[in-house]
file data.txt (compact mmCIF, C-alpha atoms and all ligand atoms)
# COMPACT_ATOMS: atom_id res chain seq x y z
CA MET Q 1 17.58 -55.11 22.73
CA ARG Q 2 15.46 -54.18 25.75
CA LYS Q 3 17.42 -54.02 28.95
CA LEU Q 4 16.44 -56.14 31.94
CA ALA Q 5 16.22 -55.33 35.63
CA ALA Q 6 15.83 -58.63 37.47
CA GLY Q 7 15.25 -59.07 41.18
CA ASN Q 8 16.15 -62.27 43.00
CA TRP Q 9 14.38 -62.38 46.35
CA LYS Q 10 16.23 -65.57 47.33
CA MET Q 11 14.73 -67.15 50.49
CA ASN Q 12 13.03 -63.94 51.54
CA GLY Q 13 9.41 -62.89 51.45
CA THR Q 14 5.99 -63.86 52.73
CA SER Q 15 2.50 -62.68 51.84
CA ALA Q 16 3.13 -59.24 53.34
CA ASP Q 17 5.88 -58.62 50.78
CA LEU Q 18 3.51 -58.86 47.83
CA ALA Q 19 2.86 -55.19 48.58
CA GLU Q 20 6.44 -54.43 47.50
CA ALA Q 21 5.77 -55.91 44.07
CA SER Q 22 2.55 -53.93 43.77
CA ALA Q 23 4.37 -50.74 44.75
CA LEU Q 24 7.02 -51.45 42.14
CA LYS Q 25 4.34 -51.91 39.50
CA ALA Q 26 2.65 -48.67 40.56
CA ALA Q 27 5.97 -46.82 40.25
CA HIS Q 28 6.55 -48.16 36.71
CA PRO Q 29 3.20 -48.48 34.94
CA ALA Q 30 4.88 -48.41 31.53
CA PRO Q 31 8.53 -49.32 32.14
CA GLY Q 32 11.15 -48.50 29.54
CA VAL Q 33 13.02 -51.69 30.41
CA ASP Q 34 11.92 -55.22 31.18
CA ILE Q 35 11.37 -55.85 34.88
CA LEU Q 36 11.54 -59.35 36.34
CA LEU Q 37 10.90 -60.47 39.92
CA CYS Q 38 11.93 -63.94 41.09
CA PRO Q 39 10.23 -64.46 44.46
CA PRO Q 40 10.33 -67.66 46.48
CA ALA Q 41 8.18 -70.34 44.85
CA THR Q 42 5.53 -69.97 47.55
CA LEU Q 43 4.71 -66.47 46.28
CA LEU Q 44 5.15 -67.03 42.55
CA SER Q 45 1.55 -67.61 41.62
CA ARG Q 46 0.10 -64.78 43.67
CA LEU Q 47 2.81 -62.36 42.61
CA SER Q 48 2.30 -63.27 38.94
CA ASP Q 49 -1.43 -62.68 39.29
CA SER Q 50 -0.94 -59.33 40.99
CA VAL Q 51 1.74 -57.72 38.83
CA GLY Q 52 0.63 -59.29 35.58
CA ALA Q 53 2.06 -58.20 32.28
CA THR Q 54 3.93 -55.14 33.60
CA ILE Q 55 6.41 -57.19 35.60
CA ALA Q 56 7.56 -60.63 34.52
CA THR Q 57 8.06 -63.30 37.15
CA GLY Q 58 10.48 -66.17 37.45
CA GLY Q 59 11.54 -69.09 39.58
CA GLN Q 60 14.92 -69.36 41.30
CA ASP Q 61 15.66 -72.95 40.27
CA CYS Q 62 13.97 -75.89 38.61
CA HIS Q 63 14.47 -79.65 38.41
CA ALA Q 64 15.80 -81.15 35.19
CA ALA Q 65 12.80 -83.50 34.94
CA ALA Q 66 9.28 -82.36 34.11
CA SER Q 67 7.68 -84.44 36.88
CA GLY Q 68 8.37 -87.43 39.09
CA ALA Q 69 9.41 -88.67 42.50
CA HIS Q 70 11.60 -85.73 43.59
CA THR Q 71 10.31 -84.58 46.96
CA GLY Q 72 10.67 -80.87 47.50
CA ASP Q 73 11.69 -80.04 43.95
CA ILE Q 74 9.82 -77.91 41.43
CA SER Q 75 9.80 -78.53 37.69
CA ALA Q 76 9.98 -76.00 34.86
CA PRO Q 77 6.42 -76.75 33.64
CA MET Q 78 5.20 -76.11 37.21
CA LEU Q 79 6.90 -72.70 37.23
CA ALA Q 80 5.31 -71.87 33.90
CA ASP Q 81 1.95 -73.01 35.22
CA ALA Q 82 2.38 -70.67 38.21
CA GLY Q 83 2.83 -67.72 35.85
CA ALA Q 84 6.61 -67.63 35.48
CA SER Q 85 8.23 -66.68 32.20
CA HIS Q 86 11.81 -66.98 33.48
CA VAL Q 87 13.92 -69.08 35.82
CA ILE Q 88 17.29 -68.36 37.43
CA LEU Q 89 19.64 -71.34 37.02
CA GLY Q 90 23.11 -72.07 38.34
CA HIS Q 91 23.10 -69.29 40.91
CA SER Q 92 26.29 -69.53 42.96
CA GLU Q 93 24.22 -70.19 46.07
CA ARG Q 94 22.75 -73.26 44.32
CA ARG Q 95 26.18 -74.29 43.08
CA THR Q 96 27.53 -74.01 46.65
CA ASP Q 97 24.59 -75.08 48.85
CA HIS Q 98 23.43 -77.92 46.57
CA ALA Q 99 26.69 -78.83 44.82
CA GLU Q 100 25.21 -78.07 41.40
CA THR Q 101 27.63 -78.71 38.57
CA ASP Q 102 27.73 -77.18 35.10
CA ALA Q 103 26.19 -80.42 33.81
CA ASP Q 104 23.30 -80.03 36.26
CA VAL Q 105 22.77 -76.44 35.16
CA HIS Q 106 22.90 -77.52 31.50
CA ALA Q 107 20.18 -80.14 32.09
CA LYS Q 108 18.03 -77.68 34.03
CA THR Q 109 18.44 -75.07 31.32
CA GLN Q 110 17.28 -77.56 28.70
CA ALA Q 111 14.26 -78.35 30.87
CA ALA Q 112 13.49 -74.65 31.23
CA LEU Q 113 13.66 -74.04 27.47
CA ALA Q 114 11.48 -77.09 26.82
CA ALA Q 115 8.86 -75.59 29.16
CA GLY Q 116 8.95 -72.29 27.27
CA LEU Q 117 10.84 -70.41 29.99
CA THR Q 118 13.72 -68.01 29.50
CA ALA Q 119 16.75 -69.17 31.49
CA LEU Q 120 18.93 -66.73 33.45
CA VAL Q 121 22.13 -68.70 33.72
CA CYS Q 122 24.54 -67.43 36.38
CA VAL Q 123 28.32 -67.58 36.18
CA GLY Q 124 31.05 -66.04 38.29
CA GLU Q 125 34.34 -66.62 40.03
CA THR Q 126 35.19 -66.90 43.72
CA GLN Q 127 37.61 -64.53 45.42
CA ALA Q 128 40.33 -67.21 45.37
CA GLN Q 129 39.81 -67.84 41.64
CA ARG Q 130 40.09 -64.11 40.91
CA GLU Q 131 43.23 -63.77 42.99
CA ALA Q 132 44.72 -66.73 41.13
CA GLY Q 133 44.06 -64.97 37.80
CA LYS Q 134 41.53 -67.61 36.79
CA THR Q 135 38.42 -65.45 36.36
CA LEU Q 136 38.06 -65.76 32.59
CA ASP Q 137 38.94 -69.48 32.66
CA VAL Q 138 36.24 -70.14 35.25
CA VAL Q 139 33.59 -68.04 33.54
CA GLY Q 140 34.42 -69.56 30.16
CA ARG Q 141 34.17 -73.07 31.54
CA GLN Q 142 30.86 -72.35 33.28
CA LEU Q 143 29.43 -70.84 30.10
CA ALA Q 144 30.55 -73.72 27.92
CA GLY Q 145 29.28 -76.32 30.36
CA SER Q 146 26.01 -74.72 31.46
CA VAL Q 147 24.51 -73.29 28.27
CA PRO Q 148 22.90 -75.72 25.81
CA ASP Q 149 23.25 -75.31 22.04
CA SER Q 150 19.53 -74.74 21.67
CA ALA Q 151 19.64 -71.41 23.54
CA THR Q 152 18.72 -68.25 21.66
CA ALA Q 153 18.67 -64.55 22.44
CA ALA Q 154 14.99 -64.90 23.29
CA THR Q 155 15.48 -67.77 25.71
CA LEU Q 156 18.85 -67.13 27.35
CA VAL Q 157 20.10 -64.39 29.66
CA ILE Q 158 23.53 -64.60 31.26
CA ALA Q 159 24.15 -63.12 34.69
CA TYR Q 160 27.76 -62.48 35.67
CA GLU Q 161 27.84 -62.60 39.45
CA PRO Q 162 31.27 -62.68 41.08
CA VAL Q 163 30.71 -64.83 44.16
CA TRP Q 164 32.70 -62.45 46.36
CA ALA Q 165 30.50 -59.49 45.36
CA ILE Q 166 27.20 -61.14 46.32
CA GLY Q 167 25.70 -59.70 49.47
CA SER Q 168 29.07 -58.30 50.48
CA GLY Q 169 28.82 -54.65 49.49
CA ARG Q 170 31.99 -55.21 47.46
CA VAL Q 171 31.75 -54.50 43.75
CA PRO Q 172 34.39 -55.15 41.10
CA THR Q 173 35.93 -52.13 39.43
CA LEU Q 174 34.15 -50.94 36.32
CA GLU Q 175 37.13 -52.21 34.31
CA GLN Q 176 36.81 -55.66 35.86
CA ILE Q 177 33.11 -55.82 35.03
CA ALA Q 178 33.78 -54.62 31.49
CA GLU Q 179 36.53 -57.21 30.98
CA VAL Q 180 34.29 -60.12 31.96
CA HIS Q 181 31.22 -58.87 30.07
CA ASP Q 182 33.29 -58.31 26.90
CA PHE Q 183 34.70 -61.81 27.32
CA ILE Q 184 31.22 -63.33 27.74
CA ARG Q 185 29.96 -61.53 24.64
CA GLY Q 186 32.94 -62.89 22.71
CA GLU Q 187 32.40 -66.44 23.92
CA LEU Q 188 28.70 -66.34 23.05
CA THR Q 189 29.44 -64.84 19.64
CA ALA Q 190 31.94 -67.58 18.89
CA ARG Q 191 29.27 -70.12 19.70
CA PHE Q 192 26.00 -68.56 18.59
CA GLY Q 193 27.07 -66.07 15.92
CA ALA Q 194 25.06 -62.92 15.31
CA ASP Q 195 22.29 -63.99 17.70
CA ALA Q 196 24.72 -63.47 20.58
CA ARG Q 197 24.60 -59.72 20.04
CA ALA Q 198 21.01 -59.76 21.31
CA MET Q 199 21.65 -62.02 24.32
CA ARG Q 200 21.30 -59.98 27.46
CA LEU Q 201 24.22 -59.92 29.88
CA LEU Q 202 23.36 -58.88 33.42
CA TYR Q 203 25.77 -57.89 36.15
CA GLY Q 204 24.91 -59.07 39.68
CA GLY Q 205 26.55 -58.57 43.06
CA SER Q 206 25.84 -55.69 45.47
CA VAL Q 207 24.01 -53.58 42.89
CA LYS Q 208 22.41 -50.67 44.77
CA PRO Q 209 20.69 -47.41 43.83
CA ALA Q 210 23.99 -45.62 44.52
CA ASN Q 211 26.14 -47.63 42.10
CA ALA Q 212 23.60 -48.71 39.45
CA ALA Q 213 24.10 -45.84 37.00
CA GLU Q 214 27.86 -46.29 36.71
CA ILE Q 215 27.48 -50.04 36.24
CA PHE Q 216 24.79 -49.57 33.58
CA ALA Q 217 27.08 -47.22 31.66
CA ILE Q 218 29.51 -50.10 30.96
CA SER Q 219 29.21 -51.52 27.46
CA ASN Q 220 27.89 -55.08 27.29
CA VAL Q 221 26.05 -54.60 30.58
CA ASP Q 222 22.40 -54.97 29.58
CA GLY Q 223 20.89 -54.89 33.06
CA ALA Q 224 21.31 -56.30 36.53
CA LEU Q 225 20.39 -59.27 38.68
CA VAL Q 226 19.73 -57.71 42.07
CA GLY Q 227 19.43 -59.51 45.38
CA GLY Q 228 19.06 -57.49 48.58
CA ALA Q 229 18.13 -54.22 46.88
CA SER Q 230 15.26 -55.91 45.03
CA LEU Q 231 13.37 -56.64 48.24
CA LYS Q 232 12.16 -53.09 48.76
CA ALA Q 233 10.22 -51.38 45.99
CA ARG Q 234 11.86 -48.04 46.65
CA ASP Q 235 15.39 -49.37 46.15
CA PHE Q 236 14.58 -51.56 43.18
CA SER Q 237 12.58 -48.79 41.55
CA ALA Q 238 15.63 -46.52 41.72
CA ILE Q 239 17.67 -49.24 39.99
CA VAL Q 240 14.98 -49.66 37.32
CA THR Q 241 15.04 -45.90 36.73
CA ALA Q 242 18.84 -45.90 36.46
CA LEU Q 243 18.57 -48.61 33.81
CA GLU Q 244 15.87 -46.70 31.94
CA ASN Q 245 18.17 -43.66 31.92
CA ALA Q 246 21.26 -45.57 30.76
CA ALA Q 247 22.41 -44.80 27.25
CA PRO Q 248 21.84 -47.60 24.74
CA ASP Q 249 24.96 -49.62 23.93
P1 LIG L 1 23.04 -58.97 46.19
O1 LIG L 1 22.46 -57.94 45.25
O2 LIG L 1 22.29 -59.06 47.49
O3 LIG L 1 24.51 -58.83 46.34
O4 LIG L 1 22.77 -60.41 45.50
C1 LIG L 1 23.15 -60.59 44.17
C2 LIG L 1 22.61 -61.88 43.72
O5 LIG L 1 23.09 -62.93 44.10
C3 LIG L 1 21.46 -61.86 42.80
O6 LIG L 1 21.21 -63.11 42.27
call {"tool": "encode", "arguments": {"input": "data.txt", "output": "structure tokens"}}
result
Amino acid sequence: MRKLAAGNWKMNGTSADLAEASALKAAHPAPGVDILLCPPATLLSRLSDSVGATIATGGQDCHAAASGAHTGDISAPMLADAGASHVILGHSERRTDHAETDADVHAKTQAALAAGLTALVCVGETQAQREAGKTLDVVGRQLAGSVPDSATAATLVIAYEPVWAIGSGRVPTLEQIAEVHDFIRGELTARFGADARAMRLLYGGSVKPANAAEIFAISNVDGALVGGASLKARDFSAIVTALENAAPD
């Protein structure tokens, strides 16, 4: 399986930041891993045009319907039309800010697959859930509720993002990451059989150039979903290089 370095720009970036994507492309003309940038929707089309086949692009959310009276929302076919091949779904910031449930994420994931997009479905526990010993329960429930049966290794990526590690500079121990990624692989295998071996599992939450290599050395970590450190080409490029240099699983 090819590893995946994915950047989530969140609600950051205007036209001037397209130069960061171009610099990233220039630094990796023939990358040894897949690179994905998920800019705000306002930049998606221009960024897709400028970085083309070298760097894939994705949305950060989509509506469950293909079209209709949903002011302010964006559908999966619209993302595809703007050049996206991927979409992030069920990010904890969507689950918190917009009260998205697992059922919502499930419906959105089905819409994404129907539009030919690959879905990056996010799961992860809060600090309180971890302290209560509920991490695997929470992640298992999110996986079961958010991922539709029609998903395949080609159309589904899972991102494990502990809520307390996002934007905080706090990272789980390598053992904690390994425990959850092994658990996710097991859950997917129980559900999808051999195909689950090829489903990519990303870690996300305060991934930086300084900690990327040790995270990528963990088995069942097939890449990263990077927030803050994906905004600057220099930082994200260092993370891409760390992933290229990681030993295969
Ligand atoms: P940070 O890398 O900024 O912690 O964000 C992680 C994230 O939420 C990516 O989706």
call {"tool": "axis_aligned_box", "arguments": {"input": "data.txt", "around": "ligand LIG 1 (chain L)", "padding_each_side": "4 Å", "output": "AutoDock Vina command-line options"}}
result
--center_x 22.9 --center_y -60.5 --center_z 44.9 --size_x 11.3 --size_y 13.2 --size_z 13.2
call {"tool": "residues_near_ligand", "arguments": {"input": "data.txt", "ligand": "ligand LIG 1 (chain L)", "cutoff": "10 Å", "atoms": "all atoms listed in the file", "output": "PDB file with C-alpha atoms, in the coordinates of the input"}}
result
ATOM      1  CA  ALA Q   6      15.830 -58.630  37.470  1.00  0.00           C
ATOM      2  CA  GLY Q   7      15.250 -59.070  41.180  1.00  0.00           C
ATOM      3  CA  ASN Q   8      16.150 -62.270  43.000  1.00  0.00           C
ATOM      4  CA  TRP Q   9      14.380 -62.380  46.350  1.00  0.00           C
ATOM      5  CA  LYS Q  10      16.230 -65.570  47.330  1.00  0.00           C
ATOM      6  CA  CYS Q  38      11.930 -63.940  41.090  1.00  0.00           C
ATOM      7  CA  GLN Q  60      14.920 -69.360  41.300  1.00  0.00           C
ATOM      8  CA  ILE Q  88      17.290 -68.360  37.430  1.00  0.00           C
ATOM      9  CA  LEU Q  89      19.640 -71.340  37.020  1.00  0.00           C
ATOM     10  CA  GLY Q  90      23.110 -72.070  38.340  1.00  0.00           C
ATOM     11  CA  HIS Q  91      23.100 -69.290  40.910  1.00  0.00           C
ATOM     12  CA  SER Q  92      26.290 -69.530  42.960  1.00  0.00           C
ATOM     13  CA  GLU Q  93      24.220 -70.190  46.070  1.00  0.00           C
ATOM     14  CA  LEU Q 120      18.930 -66.730  33.450  1.00  0.00           C
ATOM     15  CA  CYS Q 122      24.540 -67.430  36.380  1.00  0.00           C
ATOM     16  CA  ALA Q 159      24.150 -63.120  34.690  1.00  0.00           C
ATOM     17  CA  TYR Q 160      27.760 -62.480  35.670  1.00  0.00           C
ATOM     18  CA  GLU Q 161      27.840 -62.600  39.450  1.00  0.00           C
ATOM     19  CA  PRO Q 162      31.270 -62.680  41.080  1.00  0.00           C
ATOM     20  CA  VAL Q 163      30.710 -64.830  44.160  1.00  0.00           C
ATOM     21  CA  TRP Q 164      32.700 -62.450  46.360  1.00  0.00           C
ATOM     22  CA  ALA Q 165      30.500 -59.490  45.360  1.00  0.00           C
ATOM     23  CA  ILE Q 166      27.200 -61.140  46.320  1.00  0.00           C
ATOM     24  CA  GLY Q 167      25.700 -59.700  49.470  1.00  0.00           C
ATOM     25  CA  SER Q 168      29.070 -58.300  50.480  1.00  0.00           C
ATOM     26  CA  GLY Q 169      28.820 -54.650  49.490  1.00  0.00           C
ATOM     27  CA  ARG Q 170      31.990 -55.210  47.460  1.00  0.00           C
ATOM     28  CA  VAL Q 171      31.750 -54.500  43.750  1.00  0.00           C
ATOM     29  CA  TYR Q 203      25.770 -57.890  36.150  1.00  0.00           C
ATOM     30  CA  GLY Q 204      24.910 -59.070  39.680  1.00  0.00           C
ATOM     31  CA  GLY Q 205      26.550 -58.570  43.060  1.00  0.00           C
ATOM     32  CA  SER Q 206      25.840 -55.690  45.470  1.00  0.00           C
ATOM     33  CA  VAL Q 207      24.010 -53.580  42.890  1.00  0.00           C
ATOM     34  CA  LYS Q 208      22.410 -50.670  44.770  1.00  0.00           C
ATOM     35  CA  ALA Q 224      21.310 -56.300  36.530  1.00  0.00           C
ATOM     36  CA  LEU Q 225      20.390 -59.270  38.680  1.00  0.00           C
ATOM     37  CA  VAL Q 226      19.730 -57.710  42.070  1.00  0.00           C
ATOM     38  CA  GLY Q 227      19.430 -59.510  45.380  1.00  0.00           C
ATOM     39  CA  GLY Q 228      19.060 -57.490  48.580  1.00  0.00           C
ATOM     40  CA  ALA Q 229      18.130 -54.220  46.880  1.00  0.00           C
ATOM     41  CA  SER Q 230      15.260 -55.910  45.030  1.00  0.00           C
ATOM     42  CA  LEU Q 231      13.370 -56.640  48.240  1.00  0.00           C
TER      43      LEU Q 231
END
call {"tool": "residues_around", "arguments": {"input": "data.txt", "residues": "Ala213 (chain Q)", "least_positions_apart": "6", "cutoff": "9 Å", "atoms": "all atoms listed in the file", "output": "list in words"}}
result
Ile239, Ala242, Leu243, Asn245 and Ala246 of chain Q
call {"tool": "atom_distance", "arguments": {"input": "data.txt", "atom1": "CA of Asn220 (chain Q)", "atom2": "CA of Ala153 (chain Q)"}}
result
14.1 Å
call {"tool": "atom_distance", "arguments": {"input": "data.txt", "atom1": "CA of Val147 (chain Q)", "atom2": "CA of Val33 (chain Q)"}}
result
24.6 Å
call {"tool": "residues_near_point", "arguments": {"input": "data.txt", "point": "(8.6, -78.9, 26.2)", "cutoff": "12 Å", "atoms": "only C-alpha atoms", "output": "PyMOL selection string"}}
result
chain Q and resi 64-66+75-78+80+109-117
call {"tool": "atom_distance", "arguments": {"input": "data.txt", "atom1": "CA of Gly140 (chain Q)", "atom2": "CA of Ala178 (chain Q)"}}
result
15.0 Å
call {"tool": "residues_around", "arguments": {"input": "data.txt", "residues": "Ala198 (chain Q)", "least_positions_apart": "2", "cutoff": "9 Å", "atoms": "all atoms listed in the file", "output": "list in words"}}
result
Met1, Thr152, Ala153, Ala154, Ala194, Asp195, Ala196 and Arg200 of chain Q
call {"tool": "closest_residue", "arguments": {"input": "data.txt", "among": "Q:His70, Q:Arg46, Q:Asp97, Q:Thr54", "to": "Ala82 (chain Q)", "atoms": "all atoms listed in the file"}}
result
Q:Arg46
call {"tool": "closest_residue", "arguments": {"input": "data.txt", "among": "Q:Asp61, Q:Arg130, Q:Ile177, Q:Asp73", "to": "Arg94 (chain Q)", "atoms": "all atoms listed in the file"}}
result
Q:Asp61
call {"tool": "closest_residue", "arguments": {"input": "data.txt", "among": "Q:Lys134, Q:Arg95, Q:Arg141, Q:His86", "to": "Ala119 (chain Q)", "atoms": "only C-alpha atoms"}}
result
Q:His86
call {"tool": "closest_residue", "arguments": {"input": "data.txt", "among": "Q:Ala247, Q:Ala151, Q:Ala233, Q:Ala103", "to": "His28 (chain Q)", "atoms": "all atoms listed in the file"}}
result
Q:Ala233
call {"tool": "residues_around", "arguments": {"input": "data.txt", "residues": "Thr241 (chain Q)", "least_positions_apart": "2", "cutoff": "12 Å", "atoms": "all atoms listed in the file", "output": "PyMOL selection string"}}
result
chain Q and resi 3-5+24+27-28+30-35+208-210+212-213+216+223+233-239+243-246
call {"tool": "closest_residue", "arguments": {"input": "data.txt", "among": "Q:Ser150, Q:Thr173, Q:Ser45, Q:Thr14", "to": "Ala107 (chain Q)", "atoms": "all atoms listed in the file"}}
result
Q:Ser150
call {"tool": "build_atoms", "arguments": {"input": "data.txt", "residues": "region 233-243 of chain Q", "atoms": "all heavy atoms", "output": "mmCIF file, in the frame of the given file"}}
result
data_model
loop_
_atom_site.group_PDB
_atom_site.id
_atom_site.type_symbol
_atom_site.label_atom_id
_atom_site.label_comp_id
_atom_site.auth_asym_id
_atom_site.auth_seq_id
_atom_site.Cartn_x
_atom_site.Cartn_y
_atom_site.Cartn_z
ATOM 1 N N ALA Q 233 10.604 -52.031 47.244
ATOM 2 C CA ALA Q 233 10.220 -51.380 45.990
ATOM 3 C C ALA Q 233 10.980 -50.086 45.765
ATOM 4 O O ALA Q 233 11.375 -49.777 44.645
ATOM 5 C CB ALA Q 233 8.710 -51.123 45.998
ATOM 6 N N ARG Q 234 11.207 -49.338 46.830
ATOM 7 C CA ARG Q 234 11.860 -48.040 46.650
ATOM 8 C C ARG Q 234 13.280 -48.204 46.083
ATOM 9 O O ARG Q 234 13.693 -47.505 45.168
ATOM 10 C CB ARG Q 234 11.902 -47.277 47.981
ATOM 11 C CG ARG Q 234 12.403 -45.883 47.813
ATOM 12 C CD ARG Q 234 11.910 -44.904 48.868
ATOM 13 N NE ARG Q 234 11.779 -45.495 50.177
ATOM 14 C CZ ARG Q 234 12.494 -45.118 51.254
ATOM 15 N NH1 ARG Q 234 13.397 -44.174 51.150
ATOM 16 N NH2 ARG Q 234 12.307 -45.676 52.415
ATOM 17 N N ASP Q 235 14.027 -49.146 46.632
ATOM 18 C CA ASP Q 235 15.390 -49.370 46.150
ATOM 19 C C ASP Q 235 15.388 -49.931 44.723
ATOM 20 O O ASP Q 235 16.142 -49.479 43.861
ATOM 21 C CB ASP Q 235 16.117 -50.381 47.051
ATOM 22 C CG ASP Q 235 16.420 -49.808 48.420
ATOM 23 O OD1 ASP Q 235 16.413 -48.566 48.559
ATOM 24 O OD2 ASP Q 235 16.650 -50.608 49.347
ATOM 25 N N PHE Q 236 14.543 -50.929 44.507
ATOM 26 C CA PHE Q 236 14.580 -51.560 43.180
ATOM 27 C C PHE Q 236 14.071 -50.594 42.118
ATOM 28 O O PHE Q 236 14.583 -50.568 40.996
ATOM 29 C CB PHE Q 236 13.765 -52.863 43.200
ATOM 30 C CG PHE Q 236 14.071 -53.780 42.055
ATOM 31 C CD1 PHE Q 236 15.374 -53.973 41.613
ATOM 32 C CD2 PHE Q 236 13.057 -54.466 41.405
ATOM 33 C CE1 PHE Q 236 15.662 -54.829 40.550
ATOM 34 C CE2 PHE Q 236 13.330 -55.323 40.339
ATOM 35 C CZ PHE Q 236 14.626 -55.501 39.910
ATOM 36 N N SER Q 237 13.088 -49.788 42.488
ATOM 37 C CA SER Q 237 12.580 -48.790 41.550
ATOM 38 C C SER Q 237 13.685 -47.826 41.123
ATOM 39 O O SER Q 237 13.776 -47.451 39.941
ATOM 40 C CB SER Q 237 11.428 -48.023 42.207
ATOM 41 O OG SER Q 237 11.010 -46.972 41.375
ATOM 42 N N ALA Q 238 14.530 -47.431 42.070
ATOM 43 C CA ALA Q 238 15.630 -46.520 41.720
ATOM 44 C C ALA Q 238 16.594 -47.200 40.747
ATOM 45 O O ALA Q 238 17.146 -46.547 39.841
ATOM 46 C CB ALA Q 238 16.368 -46.089 42.985
ATOM 47 N N ILE Q 239 16.788 -48.495 40.907
ATOM 48 C CA ILE Q 239 17.670 -49.240 39.990
ATOM 49 C C ILE Q 239 17.014 -49.351 38.615
ATOM 50 O O ILE Q 239 17.674 -49.178 37.580
ATOM 51 C CB ILE Q 239 18.008 -50.614 40.607
ATOM 52 C CG1 ILE Q 239 18.900 -50.412 41.841
ATOM 53 C CG2 ILE Q 239 18.685 -51.522 39.581
ATOM 54 C CD1 ILE Q 239 19.098 -51.659 42.693
ATOM 55 N N VAL Q 240 15.712 -49.613 38.596
ATOM 56 C CA VAL Q 240 14.980 -49.660 37.320
ATOM 57 C C VAL Q 240 15.111 -48.315 36.595
ATOM 58 O O VAL Q 240 15.390 -48.253 35.390
ATOM 59 C CB VAL Q 240 13.492 -50.012 37.554
ATOM 60 C CG1 VAL Q 240 12.671 -49.787 36.290
ATOM 61 C CG2 VAL Q 240 13.358 -51.447 38.042
ATOM 62 N N THR Q 241 14.947 -47.234 37.343
ATOM 63 C CA THR Q 241 15.040 -45.900 36.730
ATOM 64 C C THR Q 241 16.444 -45.642 36.197
ATOM 65 O O THR Q 241 16.606 -45.081 35.100
ATOM 66 C CB THR Q 241 14.637 -44.825 37.762
ATOM 67 O OG1 THR Q 241 13.291 -45.080 38.177
ATOM 68 C CG2 THR Q 241 14.728 -43.426 37.176
ATOM 69 N N ALA Q 242 17.458 -46.067 36.942
ATOM 70 C CA ALA Q 242 18.840 -45.900 36.460
ATOM 71 C C ALA Q 242 19.040 -46.654 35.150
ATOM 72 O O ALA Q 242 19.717 -46.171 34.231
ATOM 73 C CB ALA Q 242 19.829 -46.389 37.515
ATOM 74 N N LEU Q 243 18.429 -47.826 35.042
ATOM 75 C CA LEU Q 243 18.570 -48.610 33.810
ATOM 76 C C LEU Q 243 17.812 -47.950 32.660
ATOM 77 O O LEU Q 243 18.292 -47.907 31.520
ATOM 78 C CB LEU Q 243 18.084 -50.043 34.038
ATOM 79 C CG LEU Q 243 18.358 -51.043 32.911
ATOM 80 C CD1 LEU Q 243 19.856 -51.147 32.608
ATOM 81 C CD2 LEU Q 243 17.799 -52.423 33.257
#
